[in-house]
file run.txt (compact mmCIF, C-alpha atoms)
# COMPACT_ATOMS: atom_id res chain seq x y z
CA MET Q 39 0.00 0.00 0.00
CA VAL Q 40 1.39 3.42 -1.00
CA THR Q 41 1.04 6.09 1.60
CA GLY Q 42 0.35 9.74 0.87
CA ASP Q 43 3.92 10.76 1.77
CA GLU Q 44 5.42 8.11 -0.55
CA ARG Q 45 3.13 9.20 -3.38
CA THR Q 46 4.17 12.83 -2.91
CA ALA Q 47 7.89 11.90 -2.89
CA SER Q 48 7.45 9.86 -6.06
CA GLU Q 49 5.69 12.70 -7.83
CA ASP Q 50 8.42 15.15 -6.75
CA GLY Q 51 11.10 12.81 -8.13
CA LYS Q 52 9.33 12.58 -11.48
CA GLY Q 53 9.05 16.33 -11.56
CA ARG Q 54 12.77 16.76 -11.00
CA LEU Q 55 13.54 14.24 -13.77
CA GLU Q 56 11.26 16.10 -16.15
CA LEU Q 57 13.13 19.33 -15.41
CA GLN Q 58 16.57 17.82 -16.18
CA THR Q 59 18.17 18.62 -19.52
CA TRP Q 60 21.07 17.22 -21.56
CA SER Q 61 23.34 19.71 -19.85
CA ASP Q 62 22.70 17.86 -16.57
CA LEU Q 63 24.39 14.63 -17.72
CA PRO Q 64 26.93 13.33 -15.16
CA LEU Q 65 30.44 14.57 -15.98
CA GLU Q 66 31.91 11.08 -16.43
CA LEU Q 67 29.17 10.08 -18.86
CA LEU Q 68 29.46 13.34 -20.81
CA GLU Q 69 33.25 12.93 -21.13
CA LEU Q 70 32.79 9.36 -22.37
CA ILE Q 71 30.26 10.40 -25.00
CA LEU Q 72 32.20 13.42 -26.30
CA SER Q 73 35.53 11.58 -26.37
CA ASN Q 74 34.09 9.11 -28.89
CA LEU Q 75 32.93 11.78 -31.33
CA THR Q 76 34.79 12.76 -34.48
CA PHE Q 77 36.57 16.10 -34.44
CA GLU Q 78 33.78 17.75 -36.45
CA ASP Q 79 31.03 16.38 -34.18
CA ASN Q 80 33.02 17.39 -31.11
CA VAL Q 81 33.09 20.96 -32.38
CA ARG Q 82 29.34 20.89 -33.01
CA ALA Q 83 28.68 19.50 -29.52
CA SER Q 84 30.79 22.22 -27.94
CA VAL Q 85 28.21 24.90 -28.86
CA VAL Q 86 25.32 23.23 -26.98
CA CYS Q 87 26.08 25.03 -23.71
CA LYS Q 88 28.96 26.32 -21.61
CA ARG Q 89 29.33 23.04 -19.73
CA TRP Q 90 29.46 20.95 -22.90
CA HIS Q 91 31.90 23.44 -24.42
CA LYS Q 92 34.32 23.01 -21.51
CA VAL Q 93 34.13 19.21 -21.59
CA ALA Q 94 34.36 19.00 -25.40
CA ILE Q 95 37.57 21.02 -25.42
CA SER Q 96 39.07 18.92 -22.60
CA VAL Q 97 38.66 15.66 -24.58
CA ARG Q 98 39.25 17.06 -28.07
CA VAL Q 99 42.15 15.45 -29.93
CA MET Q 100 44.05 17.48 -32.52
CA ASN Q 101 47.10 16.61 -34.55
CA GLN Q 102 50.47 18.05 -33.64
CA SER Q 103 51.79 20.81 -35.79
CA PRO Q 104 54.78 20.51 -38.10
CA TRP Q 105 57.72 22.69 -37.18
CA LEU Q 106 59.10 25.05 -39.77
CA MET Q 107 62.84 24.90 -40.26
CA TYR Q 108 64.71 28.01 -41.33
CA ILE Q 109 67.90 27.23 -43.28
CA PRO Q 110 70.35 30.13 -42.99
CA LYS Q 111 72.33 31.50 -45.90
CA SER Q 112 75.56 30.87 -43.99
CA GLY Q 113 76.62 29.45 -40.66
CA CYS Q 114 75.21 26.57 -38.63
CA LEU Q 115 72.60 28.33 -36.51
CA TYR Q 116 69.22 26.92 -37.52
CA GLU Q 117 65.85 28.18 -36.38
CA PHE Q 118 62.75 26.06 -35.78
CA TYR Q 119 59.41 27.79 -35.58
CA ASP Q 120 56.68 26.09 -33.55
CA PRO Q 121 53.36 27.61 -34.70
CA SER Q 122 51.42 26.09 -31.80
CA GLU Q 123 53.54 27.94 -29.25
CA ARG Q 124 54.48 30.86 -31.51
CA LYS Q 125 58.11 30.38 -30.56
CA ILE Q 126 61.38 30.21 -32.46
CA HIS Q 127 64.02 27.80 -31.17
CA SER Q 128 67.63 28.27 -32.24
CA LEU Q 129 70.01 25.34 -32.51
CA GLU Q 130 73.57 24.91 -33.71
CA LEU Q 131 73.77 22.04 -36.21
CA PRO Q 132 77.36 21.74 -37.45
CA GLU Q 133 76.47 18.34 -38.92
CA LEU Q 134 74.68 20.20 -41.73
CA ARG Q 135 77.67 22.28 -42.79
CA GLY Q 136 78.14 22.15 -46.57
CA CYS Q 137 75.00 20.06 -47.07
CA ARG Q 138 72.03 20.42 -49.37
CA VAL Q 139 68.60 19.44 -48.07
CA CYS Q 140 66.98 17.06 -50.57
CA TYR Q 141 63.79 16.04 -48.77
CA THR Q 142 62.08 16.11 -45.36
CA LYS Q 143 59.65 13.70 -43.78
CA GLN Q 144 58.65 12.50 -40.30
CA GLY Q 145 61.23 14.69 -38.61
CA TRP Q 146 64.14 13.46 -40.79
CA LEU Q 147 66.24 15.38 -43.29
CA LEU Q 148 67.70 13.69 -46.36
CA LEU Q 149 71.00 15.47 -46.99
CA TYR Q 150 73.70 15.54 -49.68
CA ARG Q 151 77.25 16.76 -49.19
CA ARG Q 152 78.71 17.55 -52.59
CA ARG Q 153 82.34 17.57 -51.44
CA ASN Q 154 82.43 13.80 -50.87
CA HIS Q 155 79.12 12.77 -52.52
CA LEU Q 156 77.81 11.68 -49.13
CA VAL Q 157 74.06 11.02 -48.84
CA PHE Q 158 72.70 10.61 -45.34
CA PHE Q 159 69.71 11.03 -43.05
CA PHE Q 160 69.86 13.38 -40.11
CA ASN Q 161 67.36 13.91 -37.32
CA PRO Q 162 67.86 17.37 -35.77
CA PHE Q 163 65.78 16.38 -32.76
CA THR Q 164 67.95 13.41 -31.77
CA ARG Q 165 71.17 14.23 -33.71
CA GLU Q 166 71.02 10.69 -35.12
CA THR Q 167 72.74 10.12 -38.48
CA ILE Q 168 72.13 7.24 -40.90
CA ASN Q 169 74.46 7.01 -43.87
CA LEU Q 170 73.63 5.77 -47.35
CA PRO Q 171 76.06 4.67 -50.08
CA SER Q 172 77.85 7.52 -51.85
CA TYR Q 173 75.96 8.92 -54.81
CA GLU Q 174 76.85 11.79 -57.12
CA LEU Q 175 73.86 14.11 -57.41
CA ALA Q 176 73.42 16.65 -60.18
CA TYR Q 177 69.89 18.02 -60.50
CA GLU Q 178 67.98 14.89 -59.50
CA ILE Q 179 65.00 15.14 -57.22
CA MET Q 180 64.84 12.79 -54.23
CA ALA Q 181 62.31 11.45 -51.77
CA PHE Q 182 61.95 8.66 -49.24
CA SER Q 183 58.99 6.55 -48.22
CA CYS Q 184 59.16 6.67 -44.41
CA ALA Q 185 61.54 7.19 -41.52
CA PRO Q 186 64.95 5.55 -42.14
CA THR Q 187 64.61 3.67 -38.86
CA SER Q 188 61.90 1.57 -40.52
CA THR Q 189 62.78 -1.59 -42.44
CA ASN Q 190 60.38 -0.41 -45.16
CA CYS Q 191 62.30 2.79 -45.92
CA VAL Q 192 63.07 3.28 -49.62
CA VAL Q 193 65.01 6.24 -51.02
CA PHE Q 194 64.01 7.32 -54.53
CA SER Q 195 65.71 9.56 -57.08
CA ILE Q 196 64.74 10.40 -60.66
CA LYS Q 197 66.78 12.18 -63.31
CA HIS Q 198 66.01 13.26 -66.86
CA VAL Q 199 68.47 11.56 -69.24
CA HIS Q 200 67.05 12.60 -72.60
CA PRO Q 201 63.54 13.21 -74.00
CA THR Q 202 62.49 9.56 -73.90
CA VAL Q 203 64.48 8.17 -70.95
CA VAL Q 204 64.61 8.77 -67.20
CA ALA Q 205 67.09 7.22 -64.78
CA ILE Q 206 65.58 6.04 -61.49
CA SER Q 207 67.86 5.27 -58.56
CA THR Q 208 66.75 3.52 -55.38
CA CYS Q 209 68.42 2.59 -52.13
CA HIS Q 210 67.63 1.77 -48.52
CA PRO Q 211 69.47 2.14 -45.20
CA GLY Q 212 72.00 -0.65 -44.86
CA ALA Q 213 72.45 -1.15 -48.62
CA SER Q 214 75.96 -1.22 -50.06
CA GLU Q 215 75.10 0.48 -53.35
CA TRP Q 216 72.38 2.26 -55.31
CA THR Q 217 70.26 0.47 -57.89
CA ILE Q 218 70.04 2.55 -61.08
CA VAL Q 219 67.72 1.63 -63.96
CA ASN Q 220 66.82 3.59 -67.09
CA HIS Q 221 63.15 3.68 -68.06
CA ARG Q 222 61.28 4.80 -71.15
CA ASN Q 223 59.56 8.12 -70.57
CA ARG Q 224 57.10 8.35 -73.50
CA LEU Q 225 56.54 12.09 -73.19
CA PRO Q 226 57.75 15.08 -75.23
CA PHE Q 227 60.82 16.89 -73.95
CA VAL Q 228 59.15 19.70 -72.04
CA SER Q 229 57.13 17.16 -70.06
CA SER Q 230 59.99 14.78 -69.33
CA ILE Q 231 61.49 16.75 -66.42
CA TRP Q 232 59.99 15.54 -63.16
CA ASP Q 233 59.68 17.08 -59.70
CA LYS Q 234 57.44 17.22 -56.61
CA PRO Q 235 57.86 13.55 -55.57
CA VAL Q 236 55.28 12.09 -53.17
CA PHE Q 237 55.08 8.63 -51.62
CA CYS Q 238 51.49 7.42 -51.43
CA SER Q 239 50.03 3.93 -50.88
CA GLY Q 240 53.31 2.17 -51.61
CA LEU Q 241 54.15 4.11 -54.78
CA PHE Q 242 56.28 7.15 -55.65
CA TYR Q 243 54.48 9.80 -57.71
CA CYS Q 244 56.07 12.70 -59.60
CA LEU Q 245 54.66 15.60 -61.57
CA SER Q 246 56.18 16.75 -64.83
CA LEU Q 247 56.65 20.44 -65.49
CA THR Q 248 53.46 20.43 -67.55
CA GLY Q 249 51.40 18.44 -65.03
CA TRP Q 250 51.65 14.85 -66.27
CA LEU Q 251 51.77 12.24 -63.51
CA GLY Q 252 54.46 9.56 -63.39
CA VAL Q 253 54.40 6.65 -60.94
CA TYR Q 254 57.14 4.28 -59.78
CA ASP Q 255 56.55 0.97 -58.01
CA PRO Q 256 59.67 0.25 -55.90
CA GLY Q 257 58.65 -3.37 -55.35
CA ARG Q 258 58.30 -4.18 -59.05
CA ARG Q 259 60.82 -1.54 -60.17
CA TYR Q 260 58.32 -0.39 -62.73
CA TRP Q 261 57.84 3.17 -64.04
CA LYS Q 262 55.01 4.52 -66.17
CA VAL Q 263 53.31 7.77 -67.06
CA LEU Q 264 49.61 7.66 -66.27
CA ALA Q 265 47.11 8.51 -68.97
CA VAL Q 266 45.64 11.28 -66.85
CA PRO Q 267 45.30 14.71 -68.50
CA PRO Q 268 47.05 17.40 -66.42
CA PRO Q 269 44.92 19.54 -64.10
CA ARG Q 270 43.61 22.78 -65.54
CA CYS Q 271 46.06 25.55 -64.62
CA PRO Q 272 45.34 29.17 -63.75
CA GLU Q 273 45.47 31.51 -66.72
CA ASN Q 274 49.03 32.36 -67.82
CA PHE Q 275 50.40 29.97 -65.15
CA PHE Q 276 53.27 28.71 -67.29
CA VAL Q 277 54.24 32.23 -68.30
CA LYS Q 278 54.68 33.51 -64.76
CA ASN Q 279 55.09 30.44 -62.57
CA TRP Q 280 56.18 27.74 -64.99
CA TRP Q 281 57.72 25.59 -62.24
CA LYS Q 282 57.67 27.32 -58.87
CA GLY Q 283 53.93 27.60 -58.23
CA LYS Q 284 53.05 23.91 -58.42
CA PHE Q 285 52.95 21.54 -55.44
CA MET Q 286 51.80 17.99 -54.75
CA THR Q 287 51.05 16.15 -51.52
CA GLU Q 288 48.89 13.31 -50.25
CA HIS Q 289 46.19 13.08 -47.62
CA ASN Q 290 44.79 9.77 -46.37
CA GLY Q 291 45.82 8.04 -49.60
CA ASP Q 292 44.54 10.77 -51.92
CA LEU Q 293 46.87 12.72 -54.21
CA LEU Q 294 46.38 16.50 -54.16
CA VAL Q 295 47.90 19.03 -56.55
CA VAL Q 296 48.05 22.74 -55.74
CA TYR Q 297 48.52 25.47 -58.37
CA THR Q 298 49.27 28.96 -57.09
CA SER Q 299 49.54 32.26 -58.89
CA GLN Q 300 49.76 35.87 -57.84
CA ASN Q 301 46.59 37.63 -56.71
CA LYS Q 302 44.49 34.48 -57.07
CA SER Q 303 43.33 31.80 -54.68
CA PRO Q 304 45.11 28.44 -55.02
CA MET Q 305 43.51 25.86 -57.28
CA ILE Q 306 43.50 22.42 -55.63
CA TYR Q 307 42.85 19.17 -57.47
CA LYS Q 308 42.27 15.64 -56.24
CA LEU Q 309 43.13 12.59 -58.32
CA TYR Q 310 40.27 10.16 -58.92
CA ARG Q 311 42.15 7.00 -59.89
CA SER Q 312 39.11 5.03 -61.00
CA GLU Q 313 38.19 7.78 -63.47
CA LEU Q 314 41.79 8.70 -64.38
CA ALA Q 315 40.94 12.36 -63.87
CA TRP Q 316 41.84 15.35 -61.72
CA LYS Q 317 38.87 17.19 -60.24
CA GLU Q 318 38.99 20.60 -58.63
CA MET Q 319 38.11 20.65 -54.94
CA GLU Q 320 35.55 23.23 -53.88
CA SER Q 321 36.51 22.77 -50.22
CA LEU Q 322 39.42 21.21 -48.36
CA ARG Q 323 36.95 19.84 -45.82
CA GLY Q 324 39.04 20.67 -42.79
CA VAL Q 325 42.41 19.83 -44.34
CA THR Q 326 45.38 22.20 -44.21
CA ILE Q 327 48.13 21.97 -46.84
CA PHE Q 328 51.66 23.17 -46.16
CA ALA Q 329 53.15 23.78 -49.61
CA SER Q 330 56.94 23.68 -49.84
CA PHE Q 331 59.40 23.49 -52.72
CA LEU Q 332 61.10 20.38 -51.32
CA SER Q 333 58.24 18.44 -49.77
CA SER Q 334 54.66 19.38 -49.01
CA LEU Q 335 52.42 17.87 -46.37
CA SER Q 336 48.83 17.98 -45.23
CA GLY Q 337 47.12 17.90 -41.85
CA ALA Q 338 43.58 17.60 -40.58
CA ASN Q 339 41.71 18.66 -37.46
CA LEU Q 340 43.52 21.95 -37.09
CA PRO Q 341 41.88 24.66 -35.00
CA GLY Q 342 40.50 28.00 -36.09
CA ILE Q 343 41.90 29.85 -39.09
CA MET Q 344 44.31 27.04 -40.04
CA ARG Q 345 41.53 24.77 -41.24
CA ASN Q 346 40.69 24.78 -44.98
CA ASN Q 347 43.88 26.65 -45.86
CA THR Q 348 46.89 26.30 -48.10
CA ILE Q 349 49.93 27.71 -46.31
CA PRO Q 350 52.91 28.52 -48.54
CA VAL Q 351 56.22 27.64 -46.95
CA ASN Q 352 58.43 29.82 -49.09
CA SER Q 353 61.84 29.06 -50.48
CA SER Q 354 64.60 31.25 -51.78
CA MET Q 355 64.18 29.37 -55.05
CA THR Q 356 60.69 30.79 -55.45
CA GLY Q 357 61.82 34.38 -55.08
CA GLU Q 358 59.68 34.97 -51.99
CA SER Q 359 61.09 36.62 -48.88
CA ASN Q 360 58.35 36.35 -46.25
CA LEU Q 361 57.10 33.22 -44.54
CA PRO Q 362 53.45 33.60 -43.55
CA LEU Q 363 52.96 31.49 -40.44
CA ARG Q 364 49.76 30.97 -38.55
CA THR Q 365 48.89 29.06 -35.43
CA TYR Q 366 48.68 25.29 -35.75
CA GLY Q 367 47.51 23.70 -32.52
CA SER Q 368 46.53 26.82 -30.59
CA SER Q 369 43.44 29.00 -30.42
CA HIS Q 370 45.46 32.21 -30.67
CA PRO Q 371 46.53 33.48 -34.10
CA ALA Q 372 50.20 34.12 -34.74
CA MET Q 373 51.12 37.11 -36.84
CA PRO Q 374 53.11 36.45 -40.03
CA TYR Q 375 56.76 36.26 -39.09
CA PRO Q 376 59.23 37.50 -41.71
CA LEU Q 377 61.92 34.90 -42.32
CA SER Q 378 64.19 35.54 -45.26
CA GLU Q 379 66.08 32.98 -47.36
CA ARG Q 380 64.75 29.44 -47.33
CA SER Q 381 62.42 27.47 -45.10
CA ASP Q 382 61.63 23.79 -45.28
CA LEU Q 383 59.16 21.54 -43.50
CA LEU Q 384 59.77 19.15 -40.67
CA SER Q 385 56.68 17.10 -39.92
CA ASP Q 386 55.98 14.47 -37.30
CA VAL Q 387 58.89 14.13 -34.95
CA HIS Q 388 60.86 10.94 -34.45
CA SER Q 389 58.95 8.30 -32.48
CA GLY Q 390 59.61 8.58 -28.78
CA LEU Q 391 60.41 12.28 -28.91
CA SER Q 392 57.54 14.73 -28.80
CA LEU Q 393 57.58 18.37 -29.79
CA GLY Q 394 57.26 19.18 -26.12
CA ASP Q 395 60.36 17.15 -25.33
CA PHE Q 396 62.37 19.06 -27.92
CA GLY Q 397 61.15 22.38 -26.57
CA ALA Q 398 62.11 21.39 -23.06
CA CYS Q 399 65.51 20.25 -24.26
CA ILE Q 400 66.13 23.64 -25.86
CA ASN Q 401 64.94 25.50 -22.79
CA GLY Q 402 67.32 23.34 -20.80
CA GLY Q 403 70.32 24.84 -22.54
CA VAL Q 404 70.77 23.09 -25.86
CA GLY Q 405 69.62 26.21 -27.70
CA SER Q 406 67.98 29.55 -27.15
CA SER Q 407 64.32 30.38 -27.44
CA THR Q 408 62.68 33.60 -28.54
CA GLN Q 409 59.09 34.64 -29.08
call {"tool": "encode", "arguments": {"input": "run.txt", "output": "C-alpha cells"}}
result
Amino acid sequence: MVTGDERTASEDGKGRLELQTWSDLPLELLELILSNLTFEDNVRASVVCKRWHKVAISVRVMNQSPWLMYIPKSGCLYEFYDPSERKIHSLELPELRGCRVCYTKQGWLLLYRRRNHLVFFFNPFTRETINLPSYELAYEIMAFSCAPTSTNCVVFSIKHVHPTVVAISTCHPGASEWTIVNHRNRLPFVSSIWDKPVFCSGLFYCLSLTGWLGVYDPGRRYWKVLAVPPPRCPENFFVKNWWKGKFMTEHNGDLLVVYTSQNKSPMIYKLYRSELAWKEMESLRGVTIFASFLSSLSGANLPGIMRNNTIPVNSSMTGESNLPLRTYGSSHPAMPYPLSERSDLLSDVHSGLSLGDFGACINGGVGSSTQ
C-alpha cells in the first residue's frame, strides 16, 4: 500500500527528472560520449552550452603541428618555428655544414654533401645520423617513403636523361650500393622533367613540369606515365610560374595538386584513380596543406583559421622573402613572421620524442628560445 507521503515523494522525483536537460548529464558520462565523437562532431557539440563546451575542449584530440625549419644563408645556426607555441628555437647544427637538403619527412632530413658525394639522413631532434652509399647528385630530385629507422624505408631519385628516358635510382638504409635503372619516358621533352615527388600507398608519384603524372613501383621496379590529363592551370600559369607555383602532396591516400599564382586563390585538385581524372576541390573539408618546394604535407583537425587553408612555406628558389605562419595547434593566431632565405618543412617528430620534449631540451640549454 502506497502512503500519501510516498506518493508525494514519487511525484516530486518525477518532476525533477522532467526538469533535467542534456546539460545535466553526469560529468563522467558526458566525457565518455564526447571523447568518442569525431573532431567535427566534437566541435558541433561544444556549442550546446557552456558546460558541454568546456568538456568537449578537454577531450578534443588534434594533430600536432609541423615545425618550420629556417635554413640560414651561412653558418650553422638553424631556427625552428613552432606555430602552436608561436616560438622560435635556435640550434647549432654543425652536422649540416656544406649540405644540401633534398627532402624532409617525419622529422628526418635527407642530406647531400657535394664535397664527398655523401648522402645521409639526419634527425635534428635526436642528432642521429644514418648514412647511405655515396651517390653523385646533379639536379635529380629525391624522396623517401618513411623514416629511415623503418625496415620499409626506400630512397628514390629520378633524373632526366634525354627526351624519352629517365634514370631512377633507389636505395635503402644498410644497402651497399644504389640500384640505377633507365626507363622509357614516353613524353615530349618539355614534359619529361619531373619534380614534386610524393610517396602514397606504396608508390612514388612525380609531376612533370606540364602536369603529367608519373608513378614508380619500388617493389616491381616499374615506371610509367599515367594517362591522366594534367589539371587545368590558372590563366598564364606557365608564363609567370612555370615551375615554382606547383605543389603535390597526399592526404589519407589521396593525391592532391596545388597550383598557385599571384593575386588568385590556389587551385586544388584531387586525383580520382578510377576515373583517371583530376577534379577541382571546392573545399578542403578541414584539411590544411603546407606547400613547400622540397616536400609538401597535409594535416587535418587543425583549430581555427588554419583549417581549410593552403599555407605557402616559401623558399629562396621561389623568389619569396616572407614566410606567412599561422597558429597550428593553438586557439590564438600568430602574426606572419618575416623569415628571409629558405624554409623547409619538418613534420611528425621521431617516435619517442615529442615536440614538447624538444622544446624542453632547448629551454634546458641546448639552444635559445625567442618569441
call {"tool": "residues_around", "arguments": {"input": "run.txt", "residues": "Glu313 of chain Q", "least_positions_apart": "3", "cutoff": "12 Å", "atoms": "all atoms listed in the file", "output": "list in words"}}
result
Leu264, Ala265, Val266, Pro267, Lys308, Leu309, Tyr310, Trp316 and Lys317 of chain Q
call {"tool": "atom_distance", "arguments": {"input": "run.txt", "atom1": "atom CA of Tyr243 of chain Q", "atom2": "atom CA of Glu215 of chain Q"}}
result
23.0 Å
call {"tool": "closest_residue", "arguments": {"input": "run.txt", "among": "Q:Phe163, Q:Cys184, Q:Thr76, Q:Ser112", "to": "Leu129 of chain Q", "atoms": "all atoms listed in the file"}}
result
Q:Phe163
call {"tool": "residues_near_point", "arguments": {"input": "run.txt", "point": "(65.8, 17.8, -49.3)", "cutoff": "9 Å", "atoms": "only C-alpha atoms", "output": "mmCIF file with C-alpha atoms, keeping the file's coordinate frame"}}
result
data_model
loop_
_atom_site.group_PDB
_atom_site.id
_atom_site.type_symbol
_atom_site.label_atom_id
_atom_site.label_comp_id
_atom_site.auth_asym_id
_atom_site.auth_seq_id
_atom_site.Cartn_x
_atom_site.Cartn_y
_atom_site.Cartn_z
ATOM 1 C CA ARG Q 138 72.030 20.420 -49.370
ATOM 2 C CA VAL Q 139 68.600 19.440 -48.070
ATOM 3 C CA CYS Q 140 66.980 17.060 -50.570
ATOM 4 C CA TYR Q 141 63.790 16.040 -48.770
ATOM 5 C CA THR Q 142 62.080 16.110 -45.360
ATOM 6 C CA LEU Q 147 66.240 15.380 -43.290
ATOM 7 C CA LEU Q 148 67.700 13.690 -46.360
ATOM 8 C CA LEU Q 149 71.000 15.470 -46.990
ATOM 9 C CA TYR Q 150 73.700 15.540 -49.680
ATOM 10 C CA ILE Q 179 65.000 15.140 -57.220
ATOM 11 C CA MET Q 180 64.840 12.790 -54.230
ATOM 12 C CA ALA Q 181 62.310 11.450 -51.770
ATOM 13 C CA LEU Q 332 61.100 20.380 -51.320
ATOM 14 C CA SER Q 333 58.240 18.440 -49.770
ATOM 15 C CA ASP Q 382 61.630 23.790 -45.280
#
call {"tool": "atom_distance", "arguments": {"input": "run.txt", "atom1": "atom CA of Asp292 of chain Q", "atom2": "atom CA of Arg311 of chain Q"}}
result
9.1 Å
call {"tool": "residues_near_point", "arguments": {"input": "run.txt", "point": "(49.3, 16.5, -68.9)", "cutoff": "12 Å", "atoms": "all atoms listed in the file", "output": "list in words"}}
result
Leu225, Pro226, Val228, Ser229, Ser230, Leu245, Ser246, Leu247, Thr248, Gly249, Trp250, Leu251, Gly252, Val263, Leu264, Ala265, Val266, Pro267, Pro268, Pro269, Arg270, Cys271, Leu314, Ala315 and Trp316 of chain Q
call {"tool": "closest_residue", "arguments": {"input": "run.txt", "among": "Q:Gln144, Q:Trp105, Q:Tyr254, Q:Lys88", "to": "Lys125 of chain Q", "atoms": "only C-alpha atoms"}}
result
Q:Trp105
call {"tool": "closest_residue", "arguments": {"input": "run.txt", "among": "Q:Asp79, Q:Glu133, Q:Asp255, Q:Glu117", "to": "Phe158 of chain Q", "atoms": "only C-alpha atoms"}}
result
Q:Glu133
call {"tool": "atom_distance", "arguments": {"input": "run.txt", "atom1": "atom CA of Asp120 of chain Q", "atom2": "atom CA of Tyr108 of chain Q"}}
result
11.3 Å
call {"tool": "closest_residue", "arguments": {"input": "run.txt", "among": "Q:Arg152, Q:Arg98, Q:Val203, Q:Glu320", "to": "Cys137 of chain Q", "atoms": "all atoms listed in the file"}}
result
Q:Arg152
call {"tool": "residues_around", "arguments": {"input": "run.txt", "residues": "Ala185 of chain Q", "least_positions_apart": "6", "cutoff": "9 Å", "atoms": "only C-alpha atoms", "output": "list in words"}}
result
Lys143, Gln144, Gly145, Trp146, Cys191 and His388 of chain Q
call {"tool": "residues_around", "arguments": {"input": "run.txt", "residues": "segment 302-304 of chain Q", "least_positions_apart": "4", "cutoff": "9 Å", "atoms": "all atoms listed in the file", "output": "PyMOL selection string"}}
result
chain Q and resi 272+296-298+348
call {"tool": "closest_residue", "arguments": {"input": "run.txt", "among": "Q:Ala329, Q:Ser239, Q:Pro256, Q:Thr202", "to": "Ile218 of chain Q", "atoms": "only C-alpha atoms"}}
result
Q:Pro256
call {"tool": "closest_residue", "arguments": {"input": "run.txt", "among": "Q:Val86, Q:Ala176, Q:Cys209, Q:Leu106", "to": "Phe118 of chain Q", "atoms": "all atoms listed in the file"}}
result
Q:Leu106
